[in-house]
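> Contents of target13.cif (mmCIF, C-alpha atoms) are below:
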```
data_protein
#
loop_
_atom_site.group_PDB
_atom_site.id
_atom_site.type_symbol
_atom_site.label_atom_id
_atom_site.label_comp_id
_atom_site.auth_asym_id
_atom_site.auth_seq_id
_atom_site.Cartn_x
_atom_site.Cartn_y
_atom_site.Cartn_z
ATOM 1 C CA MET A 30 85.997 88.801 62.823
ATOM 2 C CA LYS A 31 87.756 92.174 62.704
ATOM 3 C CA VAL A 32 87.669 94.338 65.839
ATOM 4 C CA GLY A 33 89.095 97.632 67.041
ATOM 5 C CA VAL A 34 89.466 99.430 70.361
ATOM 6 C CA ILE A 35 88.861 103.149 70.805
ATOM 7 C CA GLY A 36 90.588 104.493 73.888
ATOM 8 C CA VAL A 37 93.679 102.802 75.300
ATOM 9 C CA GLY A 38 93.718 103.911 78.900
ATOM 10 C CA VAL A 39 93.894 101.261 81.619
ATOM 11 C CA MET A 40 90.599 99.576 80.699
ATOM 12 C CA GLY A 41 91.109 100.010 76.974
ATOM 13 C CA GLN A 42 94.457 98.247 77.167
ATOM 14 C CA ASN A 43 92.718 95.314 78.809
ATOM 15 C CA HIS A 44 90.216 95.178 75.946
ATOM 16 C CA VAL A 45 93.138 95.094 73.495
ATOM 17 C CA ARG A 46 94.847 92.309 75.441
ATOM 18 C CA VAL A 47 91.731 90.140 75.612
ATOM 19 C CA TYR A 48 90.812 90.600 71.953
ATOM 20 C CA SER A 49 94.348 89.580 71.007
ATOM 21 C CA GLU A 50 93.818 86.309 72.917
ATOM 22 C CA LEU A 51 90.464 85.366 71.384
ATOM 23 C CA PRO A 52 90.359 82.830 68.535
ATOM 24 C CA ASP A 53 88.981 83.922 65.154
ATOM 25 C CA VAL A 54 89.317 87.580 66.157
ATOM 26 C CA LYS A 55 91.665 89.970 64.366
ATOM 27 C CA LEU A 56 92.579 93.237 66.063
ATOM 28 C CA VAL A 57 92.774 95.648 63.131
ATOM 29 C CA GLY A 58 93.677 98.747 65.110
ATOM 30 C CA VAL A 59 93.524 100.921 68.202
ATOM 31 C CA ALA A 60 92.717 104.614 68.433
ATOM 32 C CA ASP A 61 93.562 107.194 71.062
ATOM 33 C CA VAL A 62 94.181 110.931 71.032
ATOM 34 C CA ASN A 63 97.428 110.187 72.855
ATOM 35 C CA LYS A 64 99.681 109.231 69.957
ATOM 36 C CA GLU A 65 102.399 107.752 72.164
ATOM 37 C CA ALA A 66 99.936 105.556 74.072
ATOM 38 C CA ALA A 67 98.248 104.352 70.887
ATOM 39 C CA SER A 68 101.579 103.595 69.214
ATOM 40 C CA ALA A 69 102.937 101.728 72.235
ATOM 41 C CA ILE A 70 99.926 99.439 72.621
ATOM 42 C CA ALA A 71 99.695 98.888 68.850
ATOM 43 C CA LYS A 72 103.354 97.844 68.738
ATOM 44 C CA LYS A 73 102.885 95.493 71.681
ATOM 45 C CA TYR A 74 99.970 93.705 70.010
ATOM 46 C CA SER A 75 101.143 93.969 66.380
ATOM 47 C CA THR A 76 98.312 96.140 65.118
ATOM 48 C CA LYS A 77 97.805 99.641 63.715
ATOM 49 C CA ALA A 78 97.630 102.859 65.743
ATOM 50 C CA PHE A 79 95.417 105.867 65.002
ATOM 51 C CA THR A 80 94.904 109.184 66.744
ATOM 52 C CA ASP A 81 91.531 109.627 65.030
ATOM 53 C CA TYR A 82 89.012 106.807 65.487
ATOM 54 C CA ARG A 83 87.488 107.657 62.107
ATOM 55 C CA GLU A 84 90.699 106.409 60.515
ATOM 56 C CA LEU A 85 90.241 103.150 62.403
ATOM 57 C CA PHE A 86 86.779 102.843 60.862
ATOM 58 C CA LYS A 87 88.434 102.741 57.425
ATOM 59 C CA GLU A 88 89.877 99.347 58.429
ATOM 60 C CA LYS A 89 86.277 98.049 58.248
ATOM 61 C CA PRO A 90 86.042 96.471 61.717
ATOM 62 C CA ASP A 91 82.962 94.347 62.365
ATOM 63 C CA ALA A 92 82.919 95.557 65.963
ATOM 64 C CA VAL A 93 84.619 98.037 68.273
ATOM 65 C CA SER A 94 85.007 98.538 71.994
ATOM 66 C CA ILE A 95 84.462 102.165 72.984
ATOM 67 C CA VAL A 96 86.569 102.820 76.073
ATOM 68 C CA VAL A 97 86.785 106.619 76.096
ATOM 69 C CA PRO A 98 85.662 109.077 78.803
ATOM 70 C CA THR A 99 81.920 108.849 79.437
ATOM 71 C CA SER A 100 81.300 112.344 78.093
ATOM 72 C CA MET A 101 82.594 111.155 74.692
ATOM 73 C CA HIS A 102 80.446 108.010 74.427
ATOM 74 C CA LYS A 103 77.628 109.616 72.443
ATOM 75 C CA GLN A 104 79.813 111.131 69.718
ATOM 76 C CA VAL A 105 81.971 108.065 69.174
ATOM 77 C CA ALA A 106 79.149 105.520 69.420
ATOM 78 C CA ILE A 107 76.855 107.322 66.998
ATOM 79 C CA GLU A 108 79.634 107.658 64.419
ATOM 80 C CA ALA A 109 80.460 103.970 64.811
ATOM 81 C CA ALA A 110 76.796 103.031 64.391
ATOM 82 C CA ASN A 111 76.510 105.227 61.304
ATOM 83 C CA ALA A 112 79.540 103.387 59.906
ATOM 84 C CA GLY A 113 77.708 100.078 60.370
ATOM 85 C CA ILE A 114 79.963 98.857 63.183
ATOM 86 C CA ASN A 115 78.716 96.774 66.125
ATOM 87 C CA ILE A 116 79.462 98.380 69.478
ATOM 88 C CA LEU A 117 80.473 97.445 72.984
ATOM 89 C CA VAL A 118 80.499 100.666 74.986
ATOM 90 C CA GLU A 119 81.959 100.683 78.463
ATOM 91 C CA LYS A 120 79.626 101.483 81.313
ATOM 92 C CA PRO A 121 77.947 103.796 81.946
ATOM 93 C CA VAL A 122 76.333 103.843 78.531
ATOM 94 C CA ALA A 123 76.479 107.668 78.487
ATOM 95 C CA ASP A 124 76.592 110.726 80.726
ATOM 96 C CA THR A 125 72.933 111.724 80.299
ATOM 97 C CA ILE A 126 69.658 109.965 79.563
ATOM 98 C CA GLU A 127 69.283 111.942 76.336
ATOM 99 C CA ASN A 128 72.721 110.909 75.117
ATOM 100 C CA ALA A 129 72.112 107.275 76.055
ATOM 101 C CA GLN A 130 68.851 107.263 74.117
ATOM 102 C CA ALA A 131 70.578 108.862 71.138
ATOM 103 C CA ILE A 132 73.114 105.998 71.105
ATOM 104 C CA ILE A 133 70.360 103.390 71.332
ATOM 105 C CA ASP A 134 68.392 105.064 68.541
ATOM 106 C CA ALA A 135 71.446 105.272 66.266
ATOM 107 C CA CYS A 136 72.194 101.581 66.738
ATOM 108 C CA ARG A 137 68.601 100.612 65.983
ATOM 109 C CA LYS A 138 68.522 102.848 62.909
ATOM 110 C CA ASN A 139 71.706 101.298 61.534
ATOM 111 C CA ASN A 140 70.816 97.749 62.624
ATOM 112 C CA VAL A 141 74.007 97.214 64.632
ATOM 113 C CA LYS A 142 74.466 95.501 67.973
ATOM 114 C CA LEU A 143 74.854 97.614 71.099
ATOM 115 C CA MET A 144 76.187 96.002 74.265
ATOM 116 C CA VAL A 145 77.002 97.905 77.456
ATOM 117 C CA GLY A 146 80.060 96.840 79.436
ATOM 118 C CA HIS A 147 78.505 96.020 82.786
ATOM 119 C CA ILE A 148 81.374 93.632 83.418
ATOM 120 C CA GLU A 149 80.266 92.376 86.832
ATOM 121 C CA ARG A 150 77.404 90.434 85.251
ATOM 122 C CA PHE A 151 80.148 88.200 83.854
ATOM 123 C CA ASN A 152 81.912 87.686 87.163
ATOM 124 C CA PRO A 153 81.633 83.938 87.897
ATOM 125 C CA VAL A 154 80.607 84.771 91.478
ATOM 126 C CA ILE A 155 77.528 86.588 90.201
ATOM 127 C CA SER A 156 76.636 83.712 87.891
ATOM 128 C CA ALA A 157 76.929 81.252 90.801
ATOM 129 C CA ILE A 158 74.837 83.432 93.105
ATOM 130 C CA LYS A 159 72.132 84.033 90.508
ATOM 131 C CA GLU A 160 71.779 80.292 89.969
ATOM 132 C CA ASN A 161 71.741 79.654 93.727
ATOM 133 C CA ILE A 162 68.947 82.124 94.531
ATOM 134 C CA LYS A 163 66.735 81.535 91.492
ATOM 135 C CA ASP A 164 64.076 79.673 93.520
ATOM 136 C CA ASP A 165 64.478 81.653 96.775
ATOM 137 C CA LYS A 166 62.516 84.531 98.213
ATOM 138 C CA VAL A 167 65.238 87.168 98.442
ATOM 139 C CA VAL A 168 64.769 89.687 101.254
ATOM 140 C CA SER A 169 67.754 92.012 100.943
ATOM 141 C CA ILE A 170 70.977 92.669 99.044
ATOM 142 C CA ASN A 171 73.938 94.602 100.457
ATOM 143 C CA ILE A 172 76.909 95.493 98.257
ATOM 144 C CA THR A 173 80.199 97.119 99.253
ATOM 145 C CA ARG A 174 82.441 98.534 96.525
ATOM 146 C CA VAL A 175 85.227 100.713 97.897
ATOM 147 C CA GLY A 176 88.827 101.530 97.073
ATOM 148 C CA PRO A 177 91.305 104.332 96.341
ATOM 149 C CA LEU A 178 90.596 107.158 93.909
ATOM 150 C CA PRO A 179 91.600 106.076 90.384
ATOM 151 C CA PRO A 180 93.595 108.834 88.623
ATOM 152 C CA ARG A 181 91.846 108.034 85.320
ATOM 153 C CA ILE A 182 88.418 109.242 86.478
ATOM 154 C CA LYS A 183 87.829 112.928 85.784
ATOM 155 C CA ASP A 184 84.408 113.433 84.226
ATOM 156 C CA VAL A 185 82.014 111.546 86.539
ATOM 157 C CA GLY A 186 81.625 110.863 90.248
ATOM 158 C CA ILE A 187 81.611 107.570 92.056
ATOM 159 C CA VAL A 188 77.899 106.864 91.602
ATOM 160 C CA ILE A 189 78.098 106.989 87.816
ATOM 161 C CA ASP A 190 81.506 105.292 87.665
ATOM 162 C CA LEU A 191 81.245 102.558 90.323
ATOM 163 C CA ALA A 192 77.806 102.313 91.913
ATOM 164 C CA VAL A 193 76.256 101.866 88.461
ATOM 165 C CA HIS A 194 77.866 98.382 88.470
ATOM 166 C CA ASP A 195 75.873 97.408 91.521
ATOM 167 C CA ILE A 196 72.675 99.129 90.465
ATOM 168 C CA ASP A 197 72.764 96.922 87.395
ATOM 169 C CA LEU A 198 73.640 93.831 89.450
ATOM 170 C CA ILE A 199 70.707 94.301 91.818
ATOM 171 C CA ARG A 200 68.257 94.522 88.952
ATOM 172 C CA TYR A 201 69.911 91.580 87.168
ATOM 173 C CA LEU A 202 70.038 89.255 90.171
ATOM 174 C CA ILE A 203 66.446 89.627 91.305
ATOM 175 C CA GLY A 204 64.711 90.427 88.025
ATOM 176 C CA SER A 205 62.916 93.498 89.291
ATOM 177 C CA ASP A 206 63.057 97.222 88.650
ATOM 178 C CA PHE A 207 63.433 99.963 91.226
ATOM 179 C CA LYS A 208 60.478 101.437 93.126
ATOM 180 C CA LYS A 209 62.136 103.845 95.575
ATOM 181 C CA VAL A 210 65.620 105.373 95.455
ATOM 182 C CA TYR A 211 67.483 107.101 98.299
ATOM 183 C CA GLY A 212 70.978 108.514 97.930
ATOM 184 C CA LEU A 213 73.437 110.232 100.257
ATOM 185 C CA THR A 214 76.739 111.474 98.828
ATOM 186 C CA SER A 215 79.660 113.674 99.821
ATOM 187 C CA LYS A 216 82.648 115.318 98.146
ATOM 188 C CA ASN A 217 85.937 115.066 100.017
ATOM 189 C CA PHE A 218 88.937 114.908 97.690
ATOM 190 C CA SER A 219 87.229 115.262 94.311
ATOM 191 C CA GLU A 220 85.160 117.765 92.362
ATOM 192 C CA LYS A 221 82.491 115.068 92.024
ATOM 193 C CA GLU A 222 81.049 112.895 94.798
ATOM 194 C CA ASP A 223 83.551 110.339 96.106
ATOM 195 C CA VAL A 224 81.418 108.708 98.814
ATOM 196 C CA ALA A 225 77.901 107.350 98.369
ATOM 197 C CA ILE A 226 75.438 105.426 100.527
ATOM 198 C CA LEU A 227 72.483 104.304 98.428
ATOM 199 C CA SER A 228 69.307 102.483 99.455
ATOM 200 C CA PHE A 229 66.524 101.052 97.329
ATOM 201 C CA GLU A 230 63.166 99.373 97.483
ATOM 202 C CA MET A 231 62.498 97.152 94.497
ATOM 203 C CA LYS A 232 59.108 96.623 92.897
ATOM 204 C CA ASN A 233 59.083 93.023 94.120
ATOM 205 C CA GLY A 234 59.697 94.132 97.724
ATOM 206 C CA VAL A 235 63.415 93.349 97.981
ATOM 207 C CA LEU A 236 65.455 95.944 99.883
ATOM 208 C CA ALA A 237 68.930 96.794 98.596
ATOM 209 C CA HIS A 238 71.857 98.858 99.787
ATOM 210 C CA ILE A 239 75.140 99.999 98.213
ATOM 211 C CA THR A 240 78.129 101.465 100.030
ATOM 212 C CA THR A 241 80.833 102.865 97.775
ATOM 213 C CA ASP A 242 83.763 105.244 98.164
ATOM 214 C CA TRP A 243 87.093 106.365 96.765
ATOM 215 C CA LEU A 244 88.606 106.861 100.248
ATOM 216 C CA THR A 245 89.510 103.287 101.194
ATOM 217 C CA PRO A 246 93.216 102.495 100.587
ATOM 218 C CA PHE A 247 92.427 98.967 99.338
ATOM 219 C CA LYS A 248 89.747 97.466 97.133
ATOM 220 C CA VAL A 249 86.703 95.690 98.550
ATOM 221 C CA ARG A 250 84.073 94.125 96.288
ATOM 222 C CA GLU A 251 81.553 92.176 98.371
ATOM 223 C CA ILE A 252 77.929 91.185 97.995
ATOM 224 C CA ASN A 253 75.686 89.798 100.742
ATOM 225 C CA ILE A 254 72.237 88.406 100.046
ATOM 226 C CA SER A 255 69.598 87.392 102.587
ATOM 227 C CA SER A 256 66.680 85.162 101.657
ATOM 228 C CA THR A 257 64.056 83.508 103.831
ATOM 229 C CA ASN A 258 66.127 80.337 104.113
ATOM 230 C CA LYS A 259 69.789 81.258 103.586
ATOM 231 C CA TYR A 260 72.475 83.927 103.604
ATOM 232 C CA ILE A 261 75.104 84.239 100.858
ATOM 233 C CA ARG A 262 78.374 86.135 101.055
ATOM 234 C CA GLY A 263 80.307 86.689 97.839
ATOM 235 C CA ASN A 264 83.761 88.151 97.212
ATOM 236 C CA LEU A 265 83.939 89.454 93.647
ATOM 237 C CA LEU A 266 87.709 89.957 93.716
ATOM 238 C CA GLU A 267 88.622 86.533 95.097
ATOM 239 C CA GLN A 268 85.789 84.884 93.144
ATOM 240 C CA LYS A 269 84.481 83.012 96.159
ATOM 241 C CA ALA A 270 80.964 82.637 97.576
ATOM 242 C CA VAL A 271 79.681 80.927 100.715
ATOM 243 C CA GLU A 272 76.129 79.901 101.630
ATOM 244 C CA TYR A 273 74.984 79.885 105.273
ATOM 245 C CA SER A 274 71.788 77.984 106.109
ATOM 246 C CA CYS A 275 69.924 75.763 108.597
ATOM 247 C CA TYR A 276 70.195 78.145 111.508
ATOM 248 C CA LYS A 277 69.577 76.574 114.932
ATOM 249 C CA GLU A 278 68.585 78.078 118.266
ATOM 250 C CA ASP A 279 71.960 77.128 119.692
ATOM 251 C CA GLY A 280 73.622 79.438 117.156
ATOM 252 C CA SER A 281 74.876 76.724 114.833
ATOM 253 C CA TYR A 282 74.452 76.725 111.086
ATOM 254 C CA ILE A 283 75.668 74.952 107.976
ATOM 255 C CA THR A 284 78.123 76.536 105.558
ATOM 256 C CA LYS A 285 78.718 75.513 101.968
ATOM 257 C CA ASP A 286 81.138 76.890 99.415
ATOM 258 C CA LEU A 287 79.363 77.638 96.154
ATOM 259 C CA LYS A 288 80.971 76.204 93.052
ATOM 260 C CA VAL A 289 82.527 79.182 91.302
ATOM 261 C CA PRO A 290 84.564 78.495 88.151
ATOM 262 C CA ILE A 291 87.551 80.815 87.939
ATOM 263 C CA GLY A 292 87.377 83.117 84.940
ATOM 264 C CA GLU A 293 88.308 86.647 83.902
ATOM 265 C CA PRO A 294 85.087 88.694 83.739
ATOM 266 C CA LEU A 295 86.328 90.894 80.883
ATOM 267 C CA LYS A 296 87.267 87.900 78.774
ATOM 268 C CA LEU A 297 83.865 86.316 79.395
ATOM 269 C CA GLU A 298 82.190 89.619 78.525
ATOM 270 C CA LEU A 299 84.067 90.124 75.256
ATOM 271 C CA GLN A 300 83.559 86.499 74.253
ATOM 272 C CA SER A 301 79.828 87.011 74.765
ATOM 273 C CA PHE A 302 79.908 90.198 72.683
ATOM 274 C CA ILE A 303 81.740 88.507 69.825
ATOM 275 C CA GLU A 304 79.321 85.568 69.890
ATOM 276 C CA CYS A 305 76.235 87.790 69.726
ATOM 277 C CA VAL A 306 77.713 89.597 66.696
ATOM 278 C CA LYS A 307 78.621 86.322 64.973
ATOM 279 C CA LYS A 308 75.257 84.711 65.656
ATOM 280 C CA ASN A 309 73.200 87.883 65.230
ATOM 281 C CA SER A 310 71.712 87.345 68.680
ATOM 282 C CA THR A 311 70.571 89.803 71.349
ATOM 283 C CA PRO A 312 73.411 91.155 73.528
ATOM 284 C CA PRO A 313 73.194 89.941 77.142
ATOM 285 C CA VAL A 314 73.480 93.536 78.379
ATOM 286 C CA SER A 315 71.448 95.724 76.065
ATOM 287 C CA GLY A 316 71.453 99.448 75.559
ATOM 288 C CA CYS A 317 68.147 99.564 77.440
ATOM 289 C CA ASP A 318 69.772 97.748 80.386
ATOM 290 C CA GLY A 319 72.482 100.371 80.408
ATOM 291 C CA LEU A 320 69.912 103.149 80.168
ATOM 292 C CA LYS A 321 67.957 101.846 83.168
ATOM 293 C CA ALA A 322 71.107 101.581 85.303
ATOM 294 C CA LEU A 323 72.123 105.104 84.314
ATOM 295 C CA GLN A 324 68.675 106.486 85.150
ATOM 296 C CA ILE A 325 68.785 105.085 88.685
ATOM 297 C CA ALA A 326 72.369 106.291 89.174
ATOM 298 C CA LEU A 327 71.354 109.806 88.141
ATOM 299 C CA ASP A 328 68.328 109.652 90.438
ATOM 300 C CA CYS A 329 70.716 108.905 93.319
ATOM 301 C CA ILE A 330 72.636 112.171 92.831
ATOM 302 C CA LYS A 331 69.762 114.528 92.124
#
```
Would you put the structure from the file into structure tokens?

Amino acid sequence: MKVGVIGVGVMGQNHVRVYSELPDVKLVGVADVNKEAASAIAKKYSTKAFTDYRELFKEKPDAVSIVVPTSMHKQVAIEAANAGINILVEKPVADTIENAQAIIDACRKNNVKLMVGHIERFNPVISAIKENIKDDKVVSINITRVGPLPPRIKDVGIVIDLAVHDIDLIRYLIGSDFKKVYGLTSKNFSEKEDVAILSFEMKNGVLAHITTDWLTPFKVREINISSTNKYIRGNLLEQKAVEYSCYKEDGSYITKDLKVPIGEPLKLELQSFIECVKKNSTPPVSGCDGLKALQIALDCIK
């Protein structure tokens, strides 16, 4: 299968690296408006460099990763769809609901696959937790996602860039949509919001909370889930999860490490994308999934 990558910033370079490692996948080119960056990454991975993604389309890729600024997603994705190319677009799917819907419509019209890069769904910790809680009555979910301000982010704030990960995870883990949305944000060192405290009530009664910021000097990616019979703490960076259960009046309890296979989330994500294109199956994270996550994120910053 022939693939290409549009946008070779930090995340785009990772897409290039992973594609180059996948069997039966040929990287036919990379595109970026920065000629030096495109040429450097193309040389490193023995492929072609383009400053115009339309020139990349002439290489007839079966699929492309779109890893450009969010404000450019609509233009690039629609042109790729019109060229008959299957698409993985990095999250968020777009910058507005209208633009997201336009991407979805273009992909349907041209009968191409559209997958949204909500990478945390492919984190082995999330897979282990989802399996562990499938028969439980979940009461609450608390997620912390903090770290320093990334220099690459210019066009969106922290809710659209980071919290959208966790908005999607909450919906994915408990299989319910959002009923009530509450958002508090502040701007401190950025033109857009760089701190957000978000709370939700889900349609199935689960309460959820997200704390995220670009002020913390180190990364934290943690998820804590309470059910009626256990408590689970997961570390998405270390890929570890622990279950706490059988609480006693004397304060004792039982702990158990969940079995979490080590794996790179991006590699698992791109493997899944390639498989759905090869097998003509439904992408595990659809355009509609991306649209719903974006809608809630936008509701948080109204």
> Applying the PyMOL selection byres ((chain A and resi 36-50) around 8) to the file I just gave you, which residues come out? Please list them as a ChimeraX atom specification.
/A:32,34-35,51-52,54-56,59-62,66-67,70,74,94-97,181,295-296,299
> List as a PyMOL selection string the protein and nucleic acid residues near Phe247 in chain A, meaning an atom at most 9 Å away when all atoms listed in the file are counted, but skip any in the same chain fewer than 2 places from it.
chain A and resi 175-177+244-245+249
> Could you dump the residues just selected with C-alpha atoms as a PDB file, in the coordinates of the input?

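The file below, selection03.pdb, is the result:
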```
ATOM      1  CA  VAL A 175      85.227 100.713  97.897  1.00  0.00           C
ATOM      2  CA  GLY A 176      88.827 101.530  97.073  1.00  0.00           C
ATOM      3  CA  PRO A 177      91.305 104.332  96.341  1.00  0.00           C
ATOM      4  CA  LEU A 244      88.606 106.861 100.248  1.00  0.00           C
ATOM      5  CA  THR A 245      89.510 103.287 101.194  1.00  0.00           C
ATOM      6  CA  VAL A 249      86.703  95.690  98.550  1.00  0.00           C
TER       7      VAL A 249
END
```
> What does the distance from CA of Glu149 in chain A to CA of Gly234 in chain A come to in Å, to one decimal?
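Separation of CA of Glu149 in chain A and CA of Gly234 in chain A: 23.3 Å.
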> Could you expand the PyMOL selection byres ((chain A and resi 166) around 7) into the explicit residues it covers here, written as an MDAnalysis selection string?
chainID A and resid 164:165 167:168 256:257
> Could you expand the PyMOL selection byres ((chain A and resi 313) around 9) into the explicit residues it covers here, written as a list in words?
Met144, Val145, Ser301, Phe302, Cys305, Ser310, Thr311, Pro312, Val314 and Ser315 of chain A
> Smallest atom-to-atom distance to Lys232 in chain A: which of A:Ile172, A:Ala92, A:Ala78, A:Ile203, using all atoms listed in the file?
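Comparing A:Ile172, A:Ala92, A:Ala78, A:Ile203 against Lys232 in chain A, the winner is A:Ile203.
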> From the options A:Thr125, A:Ser68, A:Asn63, A:Asn152, which residue's atoms come nearest to Leu265 in chain A, counting all atoms listed in the file?
A:Asn152
> Set up a box along x, y and z of the file covering all listed atoms of range 176-179 of chain A, add 3 Å on every one of the six sides, and write the centre and edge lengths in Å to one decimal, as AutoDock Vina command-line options.

```
--center_x 90.2 --center_y 104.3 --center_z 93.7 --size_x 8.8 --size_y 11.6 --size_z 12.7
```
> Could you give me, as a ChimeraX atom specification, the residues within 9 Å of Tyr276 in chain A, counting all atoms listed in the file and dropping anything in the same chain fewer than 5 positions from it?
/A:258-259,281-283
> What is the distance between CA of Glu220 in chain A and CA of Trp243 in chain A, in Å to one decimal?
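Atom-to-atom, CA of Glu220 in chain A to CA of Trp243 in chain A, that is 12.4 Å.
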> Rounded to one decimal place, report the CA of Thr80 in chain A-CA of Pro180 in chain A distance in Å.
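One can read the CA of Thr80 in chain A to CA of Pro180 in chain A distance as 21.9 Å.
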> As a JSON list (two decimals) with C-alpha atoms, keeping the file's coordinate frame, please: the residues near range 206-209 of chain A (cut-off 6 Å, all atoms listed in the file, same-chain neighbours under 6 positions excluded).

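Once written, out-v1.json looks like this:
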```json
[["chain", "number", "residue", "atom", "x", "y", "z"],
["A", 200, "ARG", "CA", 68.26, 94.52, 88.95],
["A", 229, "PHE", "CA", 66.52, 101.05, 97.33],
["A", 230, "GLU", "CA", 63.17, 99.37, 97.48],
["A", 231, "MET", "CA", 62.50, 97.15, 94.50],
["A", 232, "LYS", "CA", 59.11, 96.62, 92.90]]
```
